[in-house]
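One file, data35.cif, carrying mmCIF, N, CA and C atoms:
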data_protein
loop_
_atom_site.group_PDB
_atom_site.id
_atom_site.type_symbol
_atom_site.label_atom_id
_atom_site.label_comp_id
_atom_site.auth_asym_id
_atom_site.auth_seq_id
_atom_site.Cartn_x
_atom_site.Cartn_y
_atom_site.Cartn_z
ATOM 1 N N MET A 27 6.012 -26.102 -17.578
ATOM 2 C CA MET A 27 6.469 -26.493 -16.262
ATOM 3 C C MET A 27 5.342 -27.180 -15.490
ATOM 4 N N VAL A 28 4.148 -26.613 -15.511
ATOM 5 C CA VAL A 28 3.022 -27.200 -14.781
ATOM 6 C C VAL A 28 2.710 -28.591 -15.317
ATOM 7 N N GLN A 29 2.871 -28.773 -16.606
ATOM 8 C CA GLN A 29 2.580 -30.076 -17.204
ATOM 9 C C GLN A 29 3.553 -31.151 -16.734
ATOM 10 N N ALA A 30 4.712 -30.759 -16.238
ATOM 11 C CA ALA A 30 5.709 -31.713 -15.775
ATOM 12 C C ALA A 30 5.402 -32.232 -14.376
ATOM 13 N N VAL A 31 4.483 -31.576 -13.674
ATOM 14 C CA VAL A 31 4.143 -31.961 -12.306
ATOM 15 C C VAL A 31 2.753 -32.589 -12.303
ATOM 16 N N THR A 32 2.695 -33.813 -11.839
ATOM 17 C CA THR A 32 1.404 -34.509 -11.797
ATOM 18 C C THR A 32 0.751 -34.320 -10.429
ATOM 19 N N PRO A 33 -0.544 -34.583 -10.337
ATOM 20 C CA PRO A 33 -1.196 -34.529 -9.022
ATOM 21 C C PRO A 33 -0.532 -35.465 -8.005
ATOM 22 N N ASP A 34 -0.054 -36.616 -8.476
ATOM 23 C CA ASP A 34 0.652 -37.530 -7.570
ATOM 24 C C ASP A 34 1.949 -36.910 -7.060
ATOM 25 N N ASP A 35 2.646 -36.164 -7.924
ATOM 26 C CA ASP A 35 3.870 -35.472 -7.498
ATOM 27 C C ASP A 35 3.562 -34.483 -6.381
ATOM 28 N N VAL A 36 2.500 -33.723 -6.558
ATOM 29 C CA VAL A 36 2.110 -32.728 -5.556
ATOM 30 C C VAL A 36 1.759 -33.420 -4.245
ATOM 31 N N ALA A 37 1.020 -34.510 -4.326
ATOM 32 C CA ALA A 37 0.654 -35.257 -3.116
ATOM 33 C C ALA A 37 1.905 -35.801 -2.421
ATOM 34 N N ASP A 38 2.855 -36.318 -3.195
ATOM 35 C CA ASP A 38 4.102 -36.825 -2.615
ATOM 36 C C ASP A 38 4.881 -35.711 -1.917
ATOM 37 N N ILE A 39 4.937 -34.556 -2.553
ATOM 38 C CA ILE A 39 5.647 -33.414 -1.972
ATOM 39 C C ILE A 39 4.977 -32.984 -0.670
ATOM 40 N N MET A 40 3.664 -32.917 -0.666
ATOM 41 C CA MET A 40 2.948 -32.518 0.543
ATOM 42 C C MET A 40 3.151 -33.544 1.657
ATOM 43 N N ARG A 41 3.122 -34.827 1.315
ATOM 44 C CA ARG A 41 3.361 -35.862 2.330
ATOM 45 C C ARG A 41 4.757 -35.711 2.922
ATOM 46 N N ALA A 42 5.747 -35.418 2.066
ATOM 47 C CA ALA A 42 7.115 -35.231 2.546
ATOM 48 C C ALA A 42 7.207 -34.008 3.455
ATOM 49 N N LEU A 43 6.536 -32.912 3.067
ATOM 50 C CA LEU A 43 6.539 -31.710 3.902
ATOM 51 C C LEU A 43 5.885 -31.965 5.252
ATOM 52 N N VAL A 44 4.772 -32.679 5.245
ATOM 53 C CA VAL A 44 4.083 -32.996 6.494
ATOM 54 C C VAL A 44 4.977 -33.866 7.376
ATOM 55 N N ALA A 45 5.649 -34.833 6.774
ATOM 56 C CA ALA A 45 6.552 -35.688 7.544
ATOM 57 C C ALA A 45 7.679 -34.860 8.155
ATOM 58 N N GLN A 46 8.236 -33.934 7.379
ATOM 59 C CA GLN A 46 9.295 -33.067 7.904
ATOM 60 C C GLN A 46 8.769 -32.198 9.042
ATOM 61 N N ALA A 47 7.557 -31.671 8.858
ATOM 62 C CA ALA A 47 6.959 -30.831 9.900
ATOM 63 C C ALA A 47 6.759 -31.637 11.187
ATOM 64 N N LYS A 48 6.268 -32.855 11.057
ATOM 65 C CA LYS A 48 6.054 -33.707 12.229
ATOM 66 C C LYS A 48 7.367 -34.063 12.919
ATOM 67 N N ALA A 49 8.446 -34.083 12.129
ATOM 68 C CA ALA A 49 9.761 -34.410 12.689
ATOM 69 C C ALA A 49 10.413 -33.206 13.362
ATOM 70 N N GLY A 50 9.729 -32.062 13.317
ATOM 71 C CA GLY A 50 10.242 -30.889 14.015
ATOM 72 C C GLY A 50 10.813 -29.797 13.131
ATOM 73 N N ASP A 51 10.710 -29.949 11.815
ATOM 74 C CA ASP A 51 11.205 -28.922 10.900
ATOM 75 C C ASP A 51 10.227 -27.740 10.911
ATOM 76 N N ILE A 52 10.625 -26.663 11.569
ATOM 77 C CA ILE A 52 9.746 -25.497 11.744
ATOM 78 C C ILE A 52 9.396 -24.864 10.410
ATOM 79 N N ALA A 53 10.357 -24.759 9.496
ATOM 80 C CA ALA A 53 10.084 -24.156 8.184
ATOM 81 C C ALA A 53 9.041 -24.977 7.427
ATOM 82 N N ALA A 54 9.156 -26.298 7.481
ATOM 83 C CA ALA A 54 8.182 -27.156 6.815
ATOM 84 C C ALA A 54 6.810 -27.012 7.475
ATOM 85 N N ALA A 55 6.790 -26.955 8.799
ATOM 86 C CA ALA A 55 5.520 -26.788 9.512
ATOM 87 C C ALA A 55 4.854 -25.482 9.139
ATOM 88 N N ARG A 56 5.640 -24.415 9.104
ATOM 89 C CA ARG A 56 5.099 -23.106 8.754
ATOM 90 C C ARG A 56 4.512 -23.129 7.332
ATOM 91 N N LEU A 57 5.248 -23.732 6.401
ATOM 92 C CA LEU A 57 4.776 -23.795 5.018
ATOM 93 C C LEU A 57 3.477 -24.586 4.908
ATOM 94 N N VAL A 58 3.432 -25.750 5.545
ATOM 95 C CA VAL A 58 2.220 -26.570 5.488
ATOM 96 C C VAL A 58 1.038 -25.818 6.093
ATOM 97 N N LEU A 59 1.231 -25.240 7.278
ATOM 98 C CA LEU A 59 0.125 -24.547 7.950
ATOM 99 C C LEU A 59 -0.328 -23.309 7.182
ATOM 100 N N GLU A 60 0.613 -22.580 6.586
ATOM 101 C CA GLU A 60 0.233 -21.409 5.792
ATOM 102 C C GLU A 60 -0.563 -21.812 4.561
ATOM 103 N N ARG A 61 -0.175 -22.923 3.942
ATOM 104 C CA ARG A 61 -0.892 -23.377 2.748
ATOM 105 C C ARG A 61 -2.272 -23.914 3.092
ATOM 106 N N VAL A 62 -2.393 -24.534 4.260
ATOM 107 C CA VAL A 62 -3.679 -25.117 4.651
ATOM 108 C C VAL A 62 -4.623 -24.063 5.238
ATOM 109 N N PHE A 63 -4.093 -23.203 6.136
ATOM 110 C CA PHE A 63 -4.946 -22.264 6.863
ATOM 111 C C PHE A 63 -4.786 -20.809 6.439
ATOM 112 N N GLY A 64 -3.827 -20.519 5.575
ATOM 113 C CA GLY A 64 -3.562 -19.136 5.196
ATOM 114 C C GLY A 64 -2.588 -18.497 6.166
ATOM 115 N N ARG A 65 -2.013 -17.412 5.744
ATOM 116 C CA ARG A 65 -1.055 -16.716 6.595
ATOM 117 C C ARG A 65 -1.750 -16.114 7.801
ATOM 118 N N VAL A 66 -1.040 -16.067 8.890
ATOM 119 C CA VAL A 66 -1.600 -15.548 10.139
ATOM 120 C C VAL A 66 -2.091 -14.124 9.950
ATOM 121 N N THR A 67 -1.332 -13.303 9.259
ATOM 122 C CA THR A 67 -1.746 -11.911 9.084
ATOM 123 C C THR A 67 -3.065 -11.815 8.337
ATOM 124 N N ASP A 68 -3.278 -12.700 7.370
ATOM 125 C CA ASP A 68 -4.544 -12.693 6.643
ATOM 126 C C ASP A 68 -5.699 -13.017 7.582
ATOM 127 N N THR A 69 -5.513 -14.020 8.413
ATOM 128 C CA THR A 69 -6.553 -14.424 9.355
ATOM 129 C C THR A 69 -6.818 -13.318 10.368
ATOM 130 N N GLU A 70 -5.751 -12.730 10.894
ATOM 131 C CA GLU A 70 -5.911 -11.658 11.870
ATOM 132 C C GLU A 70 -6.638 -10.468 11.255
ATOM 133 N N THR A 71 -6.305 -10.143 10.031
ATOM 134 C CA THR A 71 -6.958 -9.022 9.354
ATOM 135 C C THR A 71 -8.449 -9.291 9.196
ATOM 136 N N LEU A 72 -8.806 -10.493 8.785
ATOM 137 C CA LEU A 72 -10.224 -10.835 8.631
ATOM 138 C C LEU A 72 -10.957 -10.767 9.961
ATOM 139 N N GLU A 73 -10.327 -11.241 11.030
ATOM 140 C CA GLU A 73 -10.961 -11.177 12.346
ATOM 141 C C GLU A 73 -11.169 -9.728 12.781
ATOM 142 N N ARG A 74 -10.192 -8.885 12.522
ATOM 143 C CA ARG A 74 -10.327 -7.468 12.877
ATOM 144 C C ARG A 74 -11.442 -6.810 12.085
ATOM 145 N N ILE A 75 -11.538 -7.128 10.799
ATOM 146 C CA ILE A 75 -12.601 -6.566 9.965
ATOM 147 C C ILE A 75 -13.961 -7.006 10.489
ATOM 148 N N GLU A 76 -14.097 -8.297 10.827
ATOM 149 C CA GLU A 76 -15.369 -8.793 11.357
ATOM 150 C C GLU A 76 -15.731 -8.097 12.666
ATOM 151 N N THR A 77 -14.751 -7.865 13.515
ATOM 152 C CA THR A 77 -14.994 -7.175 14.780
ATOM 153 C C THR A 77 -15.478 -5.758 14.530
ATOM 154 N N LEU A 78 -14.815 -5.068 13.599
ATOM 155 C CA LEU A 78 -15.224 -3.696 13.269
ATOM 156 C C LEU A 78 -16.620 -3.659 12.667
ATOM 157 N N GLU A 79 -16.907 -4.608 11.770
ATOM 158 C CA GLU A 79 -18.236 -4.651 11.159
ATOM 159 C C GLU A 79 -19.313 -4.875 12.215
ATOM 160 N N THR A 80 -19.053 -5.755 13.157
ATOM 161 C CA THR A 80 -20.009 -6.020 14.235
ATOM 162 C C THR A 80 -20.243 -4.766 15.064
ATOM 163 N N ALA A 81 -19.165 -4.045 15.376
ATOM 164 C CA ALA A 81 -19.284 -2.815 16.157
ATOM 165 C C ALA A 81 -20.071 -1.754 15.397
ATOM 166 N N ILE A 82 -19.820 -1.642 14.108
ATOM 167 C CA ILE A 82 -20.543 -0.656 13.287
ATOM 168 C C ILE A 82 -22.025 -0.994 13.234
ATOM 169 N N LEU A 83 -22.348 -2.265 13.026
ATOM 170 C CA LEU A 83 -23.755 -2.664 12.983
ATOM 171 C C LEU A 83 -24.453 -2.408 14.320
ATOM 172 N N ALA A 84 -23.753 -2.686 15.420
ATOM 173 C CA ALA A 84 -24.335 -2.451 16.738
ATOM 174 C C ALA A 84 -24.614 -0.967 16.950
ATOM 175 N N ARG A 85 -23.700 -0.102 16.527
ATOM 176 C CA ARG A 85 -23.920 1.350 16.635
ATOM 177 C C ARG A 85 -25.095 1.792 15.796
ATOM 178 N N GLN A 86 -25.175 1.252 14.584
ATOM 179 C CA GLN A 86 -26.284 1.632 13.700
ATOM 180 C C GLN A 86 -27.621 1.194 14.301
ATOM 181 N N GLU A 87 -27.657 0.024 14.911
ATOM 182 C CA GLU A 87 -28.889 -0.459 15.535
ATOM 183 C C GLU A 87 -29.255 0.397 16.747
ATOM 184 N N ASP A 88 -28.235 0.800 17.510
ATOM 185 C CA ASP A 88 -28.483 1.670 18.679
ATOM 186 C C ASP A 88 -29.041 3.017 18.243
ATOM 187 N N ARG A 89 -28.530 3.558 17.168
ATOM 188 C CA ARG A 89 -28.993 4.871 16.676
ATOM 189 C C ARG A 89 -30.405 4.774 16.115
ATOM 190 N N ALA A 90 -30.725 3.624 15.520
ATOM 191 C CA ALA A 90 -32.051 3.452 14.924
ATOM 192 C C ALA A 90 -33.116 3.243 15.990
ATOM 193 N N ALA A 91 -32.721 2.768 17.149
ATOM 194 C CA ALA A 91 -33.680 2.460 18.220
ATOM 195 C C ALA A 91 -34.137 3.661 18.972
#
Whole structure, structure tokens version:
Amino acid sequence: MVQAVTPDDVADIMRALVAQAKAGDIAAARLVLERVFGRVTDTETLERIETLETAILARQEDRAA
């Protein structure tokens, strides 16, 4: 199946999805943005982890001081 799809096919499909998204197709917009930037929940989870890590490091530095 993968051999039947060329890189040009993928590029054409993405261009069509982007065009649909620009025309107001919310499902197409969501798909394009999720593929480009990742799912919102993934991003939110990473931000929360970074916030927690920063807080933990700050506490450890306060205790060491």
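Interatomic distance, atom N of Leu57 of chain A to atom C of Val44 of chain A: 10.2 Å.
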> Any idea what the distance is between atom CA of Glu73 of chain A and atom CA of Asp88 of chain A?
Replying inline: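 Between atom CA of Glu73 of chain A and atom CA of Asp88 of chain A the gap is 22.6 Å.
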>> Between atom CA of Glu76 of chain A and atom CA of Ala55 of chain A, what distance in Å does the model show, to one decimal?
In response: 27.6 Å
Need the axis-aligned box for segment 61-66 of chain A with 6 Å each side, so what are the centre and edges in Å to one decimal, as AutoDock Vina command-line options?
--center_x -2.6 --center_y -19.6 --center_z 6.4 --size_x 16.8 --size_y 23.0 --size_z 19.4
